[in-house]
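Asker: For reference, this is query.pdb, and it has PDB, C-alpha atoms and all ligand atoms.
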```pdb
ATOM      1  CA  MET H 299       0.000   0.000   0.000
ATOM      2  CA  LEU H 300       2.868   2.353   0.635
ATOM      3  CA  PRO H 301       3.696   3.232  -2.981
ATOM      4  CA  GLU H 302       0.055   4.198  -3.613
ATOM      5  CA  GLU H 303       0.035   6.563  -0.688
ATOM      6  CA  THR H 304       3.185   8.184  -1.953
ATOM      7  CA  ASN H 305       1.549   8.663  -5.342
ATOM      8  CA  GLU H 306      -1.443  10.398  -3.841
ATOM      9  CA  ASN H 307       0.817  12.808  -2.021
ATOM     10  CA  ARG H 308       2.729  13.526  -5.187
ATOM     11  CA  ASP H 309      -0.483  14.293  -7.050
ATOM     12  CA  ALA H 310      -1.975  16.599  -4.456
ATOM     13  CA  GLY H 311      -0.515  19.886  -5.682
ATOM     14  CA  ILE H 312      -0.705  19.571  -9.467
ATOM     15  CA  PRO H 313      -4.181  19.674 -11.006
ATOM     16  CA  GLU H 314      -5.115  16.818 -13.281
ATOM     17  CA  GLU H 315      -5.260  19.138 -16.299
ATOM     18  CA  LEU H 316      -1.471  19.363 -16.069
ATOM     19  CA  HIS H 317      -0.746  15.712 -15.536
ATOM     20  CA  SER H 318       1.152  13.889 -18.201
ATOM     21  CA  PHE H 319      -1.166  11.957 -20.469
ATOM     22  CA  ALA H 320       1.626   9.496 -21.282
ATOM     23  CA  GLU H 321       2.787   9.033 -17.691
ATOM     24  CA  GLU H 322      -0.731   9.049 -16.208
ATOM     25  CA  GLY H 323       0.295  11.395 -13.422
ATOM     26  CA  PRO H 324       2.320  14.556 -12.845
ATOM     27  CA  PHE H 325       5.308  15.017 -15.154
ATOM     28  CA  ARG H 326       8.438  13.629 -13.595
ATOM     29  CA  LYS H 327      11.183  14.651 -15.975
ATOM     30  CA  CYS H 328      12.084  17.662 -18.080
ATOM     31  CA  THR H 329      11.289  16.957 -21.748
ATOM     32  CA  ILE H 330      14.630  18.417 -22.835
ATOM     33  CA  CYS H 331      17.287  17.553 -20.242
ATOM     34  CA  ASP H 332      15.507  14.520 -18.780
ATOM     35  CA  LYS H 333      16.323  15.592 -15.217
ATOM     36  CA  ASP H 334      13.929  14.956 -12.365
ATOM     37  CA  LEU H 335      11.590  17.967 -12.095
ATOM     38  CA  GLU H 336      11.063  17.426  -8.423
ATOM     39  CA  HIS H 337      14.508  18.847  -7.724
ATOM     40  CA  LEU H 338      14.708  21.531 -10.384
ATOM     41  CA  GLY H 339      12.374  24.157  -8.958
ATOM     42  CA  LEU H 340      10.328  25.962 -11.589
ATOM     43  CA  TYR H 341       9.026  24.322 -14.703
ATOM     44  CA  GLU H 342       6.391  24.926 -17.320
ATOM     45  CA  VAL H 343       3.854  22.412 -18.591
ATOM     46  CA  GLN H 344       2.148  22.804 -21.935
ATOM     47  CA  LYS H 345      -0.494  20.455 -23.349
ATOM     48  CA  VAL H 346      -2.035  20.880 -26.765
ATOM     49  CA  TYR H 347      -5.487  19.427 -27.425
ATOM     50  CA  ARG H 348      -7.040  18.749 -30.803
ATOM     51  CA  ASP H 349     -10.612  17.427 -30.792
ATOM     52  CA  LYS H 350     -10.263  17.278 -26.989
ATOM     53  CA  GLU H 351      -7.388  14.751 -27.270
ATOM     54  CA  VAL H 352      -3.838  15.493 -26.117
ATOM     55  CA  ILE H 353      -1.615  15.518 -29.209
ATOM     56  CA  PHE H 354       1.413  17.187 -27.658
ATOM     57  CA  GLU H 355       2.608  17.614 -24.102
ATOM     58  CA  THR H 356       5.790  18.923 -22.611
ATOM     59  CA  ALA H 357       7.303  19.866 -19.269
ATOM     60  CA  ILE H 358      10.339  22.122 -19.408
ATOM     61  CA  CYS H 359      12.561  23.120 -16.531
ATOM     62  CA  GLN H 360      13.581  26.718 -16.015
ATOM     63  CA  ALA H 361      17.157  26.238 -17.242
ATOM     64  CA  CYS H 362      16.034  24.605 -20.508
ATOM     65  CA  GLY H 363      13.275  27.208 -20.936
ATOM     66  CA  GLU H 364      15.850  29.979 -20.635
ATOM     67  CA  ASP H 365      18.122  28.284 -23.166
ATOM     68  CA  LEU H 366      15.247  28.024 -25.633
ATOM     69  CA  SER H 367      14.139  31.599 -25.187
ATOM     70  CA  ARG H 368      17.700  32.824 -25.720
ATOM     71  CA  GLU H 369      17.655  31.190 -29.145
ATOM     72  CA  MET H 370      14.490  32.967 -30.188
ATOM     73  CA  SER H 371      14.571  36.443 -31.647
ATOM     74  CA  SER H 372      14.215  39.237 -29.139
ATOM     75  CA  GLU H 373      11.292  40.716 -31.125
ATOM     76  CA  SER H 374       9.428  37.451 -30.745
ATOM     77  CA  MET H 375      10.089  37.296 -27.028
ATOM     78  CA  GLU H 376       8.766  40.851 -26.720
ATOM     79  CA  THR H 377       5.739  39.949 -28.859
ATOM     80  CA  MET H 378       4.918  36.949 -26.707
ATOM     81  CA  LYS H 379       5.331  38.827 -23.463
ATOM     82  CA  GLY H 380       3.289  41.724 -24.825
ATOM     83  CA  PHE H 381       0.556  39.382 -25.990
ATOM     84  CA  MET H 382       0.410  37.761 -22.562
ATOM     85  CA  LEU H 383       0.317  41.081 -20.751
ATOM     86  CA  CYS H 384      -2.180  42.839 -23.024
ATOM     87  CA  ASN H 385      -4.621  40.026 -23.663
ATOM     88  CA  PHE H 386      -4.512  37.858 -20.589
ATOM     89  CA  THR H 387      -7.725  38.037 -18.581
ATOM     90  CA  PRO H 388      -7.722  35.990 -15.406
ATOM     91  CA  THR H 389     -10.834  34.002 -14.556
ATOM     92  CA  GLU H 390     -11.582  32.106 -11.385
ATOM     93  CA  GLU H 391     -12.209  28.799 -13.131
ATOM     94  CA  PRO H 392     -10.238  27.613 -16.155
ATOM     95  CA  ASP H 393     -13.389  27.315 -18.294
ATOM     96  CA  HIS H 394     -12.765  30.159 -20.756
ATOM     97  CA  CYS H 395      -9.973  31.045 -23.135
ATOM     98  CA  HIS H 396      -7.972  33.461 -21.019
ATOM     99  CA  PHE H 397      -7.242  35.638 -24.027
ATOM    100  CA  CYS H 398     -10.553  36.061 -25.886
ATOM    101  CA  GLY H 399     -12.930  34.927 -23.153
ATOM    102  CA  TYR H 400     -14.630  32.346 -25.365
ATOM    103  CA  PRO H 401     -16.177  29.523 -23.270
ATOM    104  CA  LYS H 402     -14.043  26.385 -23.306
ATOM    105  CA  ALA H 403     -17.130  24.200 -23.787
ATOM    106  CA  LEU H 404     -17.427  25.627 -27.311
ATOM    107  CA  PHE H 405     -14.012  24.706 -28.669
ATOM    108  CA  ASP H 406     -12.176  21.385 -29.005
ATOM    109  CA  ASN H 407      -8.733  22.698 -29.915
ATOM    110  CA  PHE H 408      -6.848  24.509 -27.219
ATOM    111  CA  THR H 409      -3.671  24.642 -25.153
ATOM    112  CA  VAL H 410      -3.334  24.347 -21.391
ATOM    113  CA  ILE H 411      -0.310  26.015 -19.830
ATOM    114  CA  GLY H 412       0.835  25.828 -16.249
ATOM    115  CA  ALA H 413       3.785  27.094 -14.279
ATOM    116  CA  CYS H 414       4.764  24.731 -11.491
ATOM    117  CA  ARG H 415       7.285  24.648  -8.720
ATOM    118  CA  GLU H 416       8.245  21.124  -7.728
ATOM    119  CA  LEU H 417       4.916  19.550  -6.827
ATOM    120  CA  SER H 418       2.721  22.607  -6.661
ATOM    121  CA  LEU H 419       1.110  24.982  -9.130
ATOM    122  CA  LEU H 420       2.730  28.407  -9.129
ATOM    123  CA  LEU H 421       0.172  30.320 -11.196
ATOM    124  CA  PRO H 422      -3.441  29.478 -12.036
ATOM    125  CA  LEU H 423      -3.877  27.376 -15.190
ATOM    126  CA  ILE H 424      -3.896  29.244 -18.461
ATOM    127  CA  ILE H 425      -6.161  28.169 -21.321
ATOM    128  CA  MET H 426      -5.579  29.444 -24.827
ATOM    129  CA  CYS H 427      -7.919  28.562 -27.702
ATOM    130  CA  GLU H 428      -6.553  27.629 -31.125
ATOM    131  CA  LYS H 429      -7.698  30.914 -32.647
ATOM    132  CA  CYS H 430      -5.706  32.931 -30.113
ATOM    133  CA  SER H 431      -2.585  30.791 -30.469
ATOM    134  CA  GLU H 432      -2.765  31.198 -34.260
ATOM    135  CA  GLU H 433      -3.052  34.927 -33.794
ATOM    136  CA  LEU H 434       0.006  34.977 -31.552
ATOM    137  CA  GLN H 435       2.021  32.694 -33.854
ATOM    138  CA  GLY H 436       1.192  34.991 -36.766
ATOM    139  CA  GLN H 437       3.064  37.771 -34.978
ATOM    140  CA  LEU H 438       6.265  35.801 -34.398
ATOM    141  CA  SER H 439       9.395  35.957 -36.512
ATOM    142  CA  GLU H 440      10.396  33.263 -38.973
ATOM    143  CA  LYS H 441      13.443  32.476 -36.821
ATOM    144  CA  THR H 442      11.354  31.847 -33.726
ATOM    145  CA  ARG H 443       8.927  29.664 -35.629
ATOM    146  CA  ASP H 444      11.879  27.656 -36.979
ATOM    147  CA  ILE H 445      13.224  27.128 -33.455
ATOM    148  CA  GLN H 446       9.819  25.960 -32.281
ATOM    149  CA  GLY H 447       9.629  23.616 -35.277
ATOM    150  CA  ASP H 448      13.093  22.185 -34.506
ATOM    151  CA  PHE H 449      12.111  21.736 -30.882
ATOM    152  CA  ILE H 450       9.058  19.702 -31.852
ATOM    153  CA  ARG H 451      10.980  17.663 -34.458
ATOM    154  CA  ASP H 452      13.790  16.884 -31.989
ATOM    155  CA  HIS H 453      11.618  15.858 -29.081
ATOM    156  CA  PHE H 454       8.333  14.749 -30.571
ATOM    157  CA  PRO H 455       8.763  12.690 -33.705
ATOM    158  CA  GLY H 456       5.380  12.235 -35.324
ATOM    159  CA  VAL H 457       3.930  15.545 -34.184
ATOM    160  CA  PRO H 458       3.542  18.073 -37.037
ATOM    161  CA  ALA H 459       6.405  20.563 -36.709
ATOM    162  CA  ASP H 460       4.153  23.474 -37.653
ATOM    163  CA  LEU H 461       1.991  22.893 -34.588
ATOM    164  CA  ASP H 462       1.217  26.215 -32.943
ATOM    165  CA  LEU H 463       2.956  26.395 -29.602
ATOM    166  CA  SER H 464       1.433  29.051 -27.461
ATOM    167  CA  PRO H 465       2.612  31.270 -25.854
ATOM    168  CA  SER H 466       5.998  29.803 -26.415
ATOM    169  CA  VAL H 467       7.998  27.826 -23.967
ATOM    170  CA  GLY H 468      10.015  30.032 -21.660
ATOM    171  CA  THR H 469       7.890  33.161 -21.738
ATOM    172  CA  LEU H 470       6.326  32.407 -18.400
ATOM    173  CA  PHE H 471       9.563  32.756 -16.524
TER     174      PHE H 471
HETATM  175 ZN    ZN H 501      15.520  20.727 -18.435
HETATM  176 ZN    ZN H 502      -9.128  32.574 -27.386
END
```
Since I need it in another form, could you write the structure as structure tokens?

Answerer:
Amino acid sequence: MLPEETNENRDAGIPEELHSFAEEGPFRKCTICDKDLEHLGLYEVQKVYRDKEVIFETAICQACGEDLSREMSSESMETMKGFMLCNFTPTEEPDHCHFCGYPKALFDNFTVIGACRELSLLLPLIIMCEKCSEELQGQLSEKTRDIQGDFIRDHFPGVPADLDLSPSVGTLF
């Protein structure tokens, strides 16, 4: 019985929306460096849904997130930060797109983003609908989109490399 109890404790702080679909529980390792997230402090989880199914999921530690954002163009980083700051509207429950306010029940394609620290959630969940992530992606530079494409190709064979990541990895830190 002991291992099960330990699992319940592990799961307590991270909402199910941010659990790994593949691991059937909270993410344990950074997608990029493969280190144990429990000891790395801050990390960001991003899950992309199409037709309400997870097609892409990632957990990235702060150090890897910083490396990635350094590779992106500074205009794109500014664009992403600006988009977050100007359009983000907090809601009590994660049942609307946090950028356009459209009710989540009415769309099947969306992204869930969460910033976590070890086994707890640092910020409330962020939901972004496909329309808003396309709008944001449309404002990013070619270079940044290439880096995002490489990232997906390197770590997620089989996922289309032109998948819209939103708002990109690293901008939350
Ligand atoms: Zn890492
Ligand atoms: Zn939206």

Asker: Taking all atoms listed in the file into account, which residues have an atom no farther than 12 Å from ligand ZN 501 (chain H)? I'd like them as a count of residues only.

Answerer: 31

Asker: For CA of Met370 in chain H and CA of Ser318 in chain H, quote the distance in Å rounded to one decimal.

Answerer: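 CA of Met370 in chain H sits 26.2 Å away from CA of Ser318 in chain H.
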
Asker: Take the PyMOL selection byres (((not hetatm)) within 12 of (chain H and resi 502)), apply it to the structure above, and return the hits as a PyMOL selection string.

Answerer: chain H and resi 381-382+385-387+393-402+404-410+424-434+464-465

Asker: For range 444-454 of chain H, find every residue with an atom within 10 Å (counting all atoms listed in the file), except residues of its own chain fewer than 4 positions away, and show them as a list in words.

Answerer: Thr329, Ile330, Phe354, Glu355, Thr356, Leu366, Ser367, Glu369, Met370, Ser371, Ser439, Glu440, Pro458, Ala459, Asp460, Leu461, Asp462, Leu463, Ser466 and Val467 of chain H

Asker: Could you check how far CA of Leu423 in chain H sits from CA of Pro392 in chain H, in Å to one decimal?

Answerer: 6.4 Å

Asker: Can you tell me how far CA of Ala403 in chain H sits from CA of His317 in chain H, in Å to one decimal?

Answerer: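 Computing the Euclidean distance for CA of Ala403 in chain H and CA of His317 in chain H yields 20.2 Å.
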
Asker: Once you add 6 Å to each side, what are the centre and edge lengths of the axis-aligned box holding all listed atoms of range 359-369 of chain H? One decimal in Å, as AutoDock Vina command-line options, if you can.

Answerer:
```
--center_x 15.3 --center_y 28.0 --center_z -22.6 --size_x 17.6 --size_y 21.7 --size_z 25.1
```

Asker: Translate the PyMOL selection byres (((chain H and resi 316) around 9) and not hetatm) into a concrete residue list for this structure, as a PyMOL selection string.

Answerer: chain H and resi 312-315+317-319+323-325+343-345+410-412+423

Asker: Could you save the residues just selected, with C-alpha atoms, as a PDB file, keeping the file's coordinate frame?

Answerer:
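Just written: again-v5.pdb:
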```
ATOM      1  CA  ILE H 312      -0.705  19.571  -9.467  1.00  0.00           C
ATOM      2  CA  PRO H 313      -4.181  19.674 -11.006  1.00  0.00           C
ATOM      3  CA  GLU H 314      -5.115  16.818 -13.281  1.00  0.00           C
ATOM      4  CA  GLU H 315      -5.260  19.138 -16.299  1.00  0.00           C
ATOM      5  CA  HIS H 317      -0.746  15.712 -15.536  1.00  0.00           C
ATOM      6  CA  SER H 318       1.152  13.889 -18.201  1.00  0.00           C
ATOM      7  CA  PHE H 319      -1.166  11.957 -20.469  1.00  0.00           C
ATOM      8  CA  GLY H 323       0.295  11.395 -13.422  1.00  0.00           C
ATOM      9  CA  PRO H 324       2.320  14.556 -12.845  1.00  0.00           C
ATOM     10  CA  PHE H 325       5.308  15.017 -15.154  1.00  0.00           C
ATOM     11  CA  VAL H 343       3.854  22.412 -18.591  1.00  0.00           C
ATOM     12  CA  GLN H 344       2.148  22.804 -21.935  1.00  0.00           C
ATOM     13  CA  LYS H 345      -0.494  20.455 -23.349  1.00  0.00           C
ATOM     14  CA  VAL H 410      -3.334  24.347 -21.391  1.00  0.00           C
ATOM     15  CA  ILE H 411      -0.310  26.015 -19.830  1.00  0.00           C
ATOM     16  CA  GLY H 412       0.835  25.828 -16.249  1.00  0.00           C
ATOM     17  CA  LEU H 423      -3.877  27.376 -15.190  1.00  0.00           C
TER      18      LEU H 423
END
```
